[in-house]
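> The file below is start_7.pdb, PDB, C-alpha atoms:
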ATOM      1  CA  MET I   1       0.000   0.000   0.000
ATOM      2  CA  THR I   2       1.128   3.512  -0.751
ATOM      3  CA  SER I   3      -2.047   5.558  -0.296
ATOM      4  CA  VAL I   4      -4.919   5.947   2.146
ATOM      5  CA  ASP I   5      -7.170   5.168  -0.826
ATOM      6  CA  GLN I   6      -5.909   1.559  -0.662
ATOM      7  CA  VAL I   7      -6.892   0.672   2.933
ATOM      8  CA  SER I   8     -10.081  -1.163   1.988
ATOM      9  CA  GLY I   9      -9.844  -4.869   2.827
ATOM     10  CA  HIS I  10      -6.722  -4.458   4.952
ATOM     11  CA  SER I  11      -6.445  -4.816   8.737
ATOM     12  CA  ALA I  12      -6.045  -1.775  10.991
ATOM     13  CA  ALA I  13      -5.158  -1.835  14.703
ATOM     14  CA  GLN I  14      -7.302   0.789  16.430
ATOM     15  CA  THR I  15      -8.696   1.535  19.869
ATOM     16  CA  GLU I  16     -12.427   0.891  20.009
ATOM     17  CA  THR I  17     -13.340   4.526  20.666
ATOM     18  CA  SER I  18     -10.917   6.075  18.179
ATOM     19  CA  ASN I  19     -12.206   8.604  15.663
ATOM     20  CA  PHE I  20      -9.404   7.369  13.431
ATOM     21  CA  GLY I  21     -10.741   3.837  13.771
ATOM     22  CA  GLN I  22     -14.114   5.076  12.573
ATOM     23  CA  SER I  23     -12.417   6.741   9.602
ATOM     24  CA  MET I  24     -10.529   3.523   8.834
ATOM     25  CA  ALA I  25     -13.765   1.504   9.016
ATOM     26  CA  ARG I  26     -15.494   3.959   6.647
ATOM     27  CA  ALA I  27     -12.572   3.495   4.261
ATOM     28  CA  GLY I  28     -13.159  -0.281   4.350
ATOM     29  CA  ALA I  29     -10.459  -1.465   6.761
ATOM     30  CA  GLN I  30     -11.043  -4.465   9.015
ATOM     31  CA  LEU I  31     -10.484  -3.204  12.573
ATOM     32  CA  VAL I  32      -8.417  -5.116  15.126
ATOM     33  CA  PRO I  33      -9.032  -3.746  18.658
ATOM     34  CA  VAL I  34      -6.024  -2.577  20.688
ATOM     35  CA  THR I  35      -5.555  -0.708  23.962
ATOM     36  CA  GLY I  36      -3.518   2.172  22.575
ATOM     37  CA  PHE I  37      -1.126   3.605  20.004
ATOM     38  CA  ASP I  38       1.944   1.737  21.288
ATOM     39  CA  GLU I  39       0.226  -1.634  20.886
ATOM     40  CA  ALA I  40      -1.089  -0.642  17.454
ATOM     41  CA  VAL I  41       2.362   0.361  16.201
ATOM     42  CA  MET I  42       3.876  -2.820  17.630
ATOM     43  CA  LEU I  43       1.353  -4.950  15.714
ATOM     44  CA  VAL I  44       2.134  -3.060  12.507
ATOM     45  CA  ALA I  45       5.898  -3.390  13.034
ATOM     46  CA  PHE I  46       5.575  -7.154  13.650
ATOM     47  CA  GLY I  47       3.346  -7.624  10.597
ATOM     48  CA  ARG I  48       0.310  -8.753  12.623
ATOM     49  CA  VAL I  49      -1.845  -5.997  11.069
ATOM     50  CA  ASP I  50      -1.419  -3.908   7.950
ATOM     51  CA  MET I  51      -1.771  -0.438   9.456
ATOM     52  CA  THR I  52      -3.024   1.922  12.134
ATOM     53  CA  GLY I  53      -4.455   5.414  11.838
ATOM     54  CA  ASN I  54      -3.786   8.346  14.128
ATOM     55  CA  ASP I  55      -3.094  12.076  14.050
ATOM     56  CA  PHE I  56       0.001  13.541  12.439
ATOM     57  CA  VAL I  57       1.410  14.869  15.722
ATOM     58  CA  THR I  58       1.359  11.384  17.269
ATOM     59  CA  PHE I  59       3.180   9.889  14.291
ATOM     60  CA  GLN I  60       5.625  12.798  14.163
ATOM     61  CA  SER I  61       6.528  12.246  17.810
ATOM     62  CA  PHE I  62       6.823   8.497  17.284
ATOM     63  CA  PHE I  63       9.175   8.887  14.302
ATOM     64  CA  GLU I  64      11.361  11.340  16.236
ATOM     65  CA  GLN I  65      11.728   8.767  19.023
ATOM     66  CA  ARG I  66      11.984   5.718  16.737
ATOM     67  CA  PRO I  67      13.368   6.709  13.318
ATOM     68  CA  ASP I  68      14.441   3.083  12.825
ATOM     69  CA  ALA I  69      10.943   1.620  13.368
ATOM     70  CA  GLY I  70      10.597   0.377   9.796
ATOM     71  CA  ILE I  71       7.100   1.776   9.241
ATOM     72  CA  ARG I  72       5.940   4.652   7.065
ATOM     73  CA  LEU I  73       2.978   6.938   6.476
ATOM     74  CA  LEU I  74       0.576   6.393   3.613
ATOM     75  CA  ASP I  75      -0.046   9.281   1.236
ATOM     76  CA  GLY I  76      -3.307  11.182   1.588
ATOM     77  CA  PRO I  77      -5.597  12.400   4.366
ATOM     78  CA  LEU I  78      -7.572  10.080   6.626
ATOM     79  CA  GLY I  79     -10.881  11.883   7.094
ATOM     80  CA  GLU I  80     -11.449  15.503   7.950
ATOM     81  CA  ALA I  81      -9.056  17.597  10.019
ATOM     82  CA  SER I  82      -9.988  17.645  13.683
ATOM     83  CA  GLU I  83     -10.376  20.691  15.869
ATOM     84  CA  SER I  84      -9.069  21.301  19.358
ATOM     85  CA  ALA I  85     -10.822  23.150  22.140
ATOM     86  CA  VAL I  86     -10.162  24.606  25.573
ATOM     87  CA  LEU I  87     -12.399  23.117  28.253
ATOM     88  CA  MET I  88     -13.646  25.524  30.920
ATOM     89  CA  ALA I  89     -16.602  25.892  33.258
ATOM     90  CA  ARG I  90     -19.836  27.380  31.870
ATOM     91  CA  ASN I  91     -20.752  30.997  32.443
ATOM     92  CA  GLN I  92     -17.173  32.240  32.414
ATOM     93  CA  PRO I  93     -17.357  34.982  29.772
ATOM     94  CA  ARG I  94     -14.325  36.868  31.103
ATOM     95  CA  LEU I  95     -12.189  33.735  31.127
ATOM     96  CA  ARG I  96     -13.331  32.788  27.625
ATOM     97  CA  ALA I  97     -12.603  36.289  26.342
ATOM     98  CA  ALA I  98      -9.139  36.218  27.933
ATOM     99  CA  VAL I  99      -8.330  32.802  26.412
ATOM    100  CA  ASP I 100      -9.605  33.896  22.985
ATOM    101  CA  GLN I 101      -7.603  37.128  23.203
ATOM    102  CA  SER I 102      -4.449  35.263  24.217
ATOM    103  CA  LEU I 103      -4.780  32.692  21.424
ATOM    104  CA  ASN I 104      -5.479  35.370  18.807
ATOM    105  CA  HIS I 105      -2.500  37.408  20.025
ATOM    106  CA  ARG I 106      -0.225  34.317  19.905
ATOM    107  CA  MET I 107      -1.375  33.575  16.347
ATOM    108  CA  ASP I 108      -0.906  37.202  15.240
ATOM    109  CA  THR I 109       2.628  37.453  16.643
ATOM    110  CA  GLY I 110       3.728  34.031  15.386
ATOM    111  CA  ASP I 111       4.285  32.747  18.934
ATOM    112  CA  LEU I 112       1.851  29.861  18.422
ATOM    113  CA  ARG I 113       3.752  28.785  15.299
ATOM    114  CA  LYS I 114       7.012  28.821  17.280
ATOM    115  CA  ILE I 115       5.453  26.726  20.050
ATOM    116  CA  TYR I 116       4.170  24.150  17.554
ATOM    117  CA  GLU I 117       7.505  24.000  15.767
ATOM    118  CA  LYS I 118       9.382  23.583  19.050
ATOM    119  CA  TYR I 119       7.195  20.834  20.494
ATOM    120  CA  VAL I 120       5.805  18.979  17.446
ATOM    121  CA  SER I 121       8.225  20.059  14.684
ATOM    122  CA  THR I 122       5.356  21.273  12.497
ATOM    123  CA  ASP I 123       3.339  24.478  12.310
ATOM    124  CA  LEU I 124      -0.258  23.502  13.082
ATOM    125  CA  THR I 125      -1.501  27.047  13.661
ATOM    126  CA  PRO I 126      -5.167  27.233  12.605
ATOM    127  CA  GLU I 127      -6.150  29.405   9.684
ATOM    128  CA  PRO I 128      -7.927  32.619  10.777
TER     129      PRO I 128
END
What is this structure when it is put down as structure tokens?


Amino acid sequence: MTSVDQVSGHSAAQTETSNFGQSMARAGAQLVPVTGFDEAVMLVAFGRVDMTGNDFVTFQSFFEQRPDAGIRLLDGPLGEASESAVLMARNQPRLRAAVDQSLNHRMDTGDLRKIYEKYVSTDLTPEP
């Protein structure tokens, strides 16, 4: 396999509640339940399953720690991009405004890009 378009009919190690597992199932993969990413990658590396799906940041971190792992990414996106959120108590308009202001400021100044590049080696700053 070289592309995400080719996952149909192949096995994919995924946690049962994974959004990526749902995307793999929609693409036609046969899911093999696992407890987490480490187990999924181990099954792929040992040839017990064909693949696993997860977010780019997780794979990026894995490859930085294990460049010799002998696995690779398939070309193409797996589903829609996900969004992140800040969880806070309800009825906190001042807190929400302060968080929004801080995030917008960090995006405007390029600080958020620098943080992403430092900790995940890729700029994942959202588009305005």

> Just how far from CA of Phe20 in chain I is CA of Asn104 in chain I, in Å to one decimal?

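Computed distance, CA of Asn104 in chain I to CA of Phe20 in chain I, equals 28.8 Å.
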
> Starting from the PyMOL selection byres ((chain I and resi 31-39) around 7), expand the selection into actual residues of this file and give them as a list in words.

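Evaluating the PyMOL selection byres ((chain I and resi 31-39) around 7) on this file yields Ser11, Ala12, Ala13, Gln14, Thr15, Glu16, Ala25, Ala29, Gln30, Ala40, Val41, Met42 and Leu43 of chain I.
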
> Please report the interatomic distance between CA of His10 in chain I and CA of Thr122 in chain I in Å with one decimal.

29.4 Å

> Counting all atoms listed in the file, which of I:Met24, I:Leu103, I:Ala45, I:Ile71 gets nearest to Val86 in chain I?

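Result for the nearest residue to Val86 in chain I: I:Leu103.
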
> In Å, how far is it from CA of Gly21 in chain I to CA of Leu78 in chain I?

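Those two atoms sit 10.0 Å apart.
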
> Counting only C-alpha atoms, which of I:Val44, I:Ala27, I:Ile115, I:Leu73 gets nearest to Gln60 in chain I?

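Result for the nearest residue to Gln60 in chain I: I:Leu73.
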
> Kindly indicate which residue among I:Gln65, I:Ser8, I:Thr125, I:Gln101 lies nearest to Ser84 in chain I, using all atoms listed in the file for the distances.

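Between I:Gln65, I:Ser8, I:Thr125, I:Gln101, the residue approaching Ser84 in chain I most closely is I:Thr125.
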
> When you count only C-alpha atoms, which of these residues is closest to Gly53 in chain I: I:Val7, I:Tyr119, I:Pro126, I:Asn91?

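Nearest candidate to Gly53 in chain I out of I:Val7, I:Tyr119, I:Pro126, I:Asn91: I:Val7.
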
> Looking at only C-alpha atoms, which of I:Val4, I:Asn19, I:Asp75, I:Glu127 is the one that sits closest to Asp108 in chain I?

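Among the listed residues, I:Glu127 lies closest to Asp108 in chain I.
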
> Quick one: of I:Asp68, I:Ser3, I:Val49, I:Gly79, who's nearest to Gln22 in chain I, counting only C-alpha atoms?

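When distances to Gln22 in chain I are compared using only C-alpha atoms, the smallest one comes from I:Gly79.
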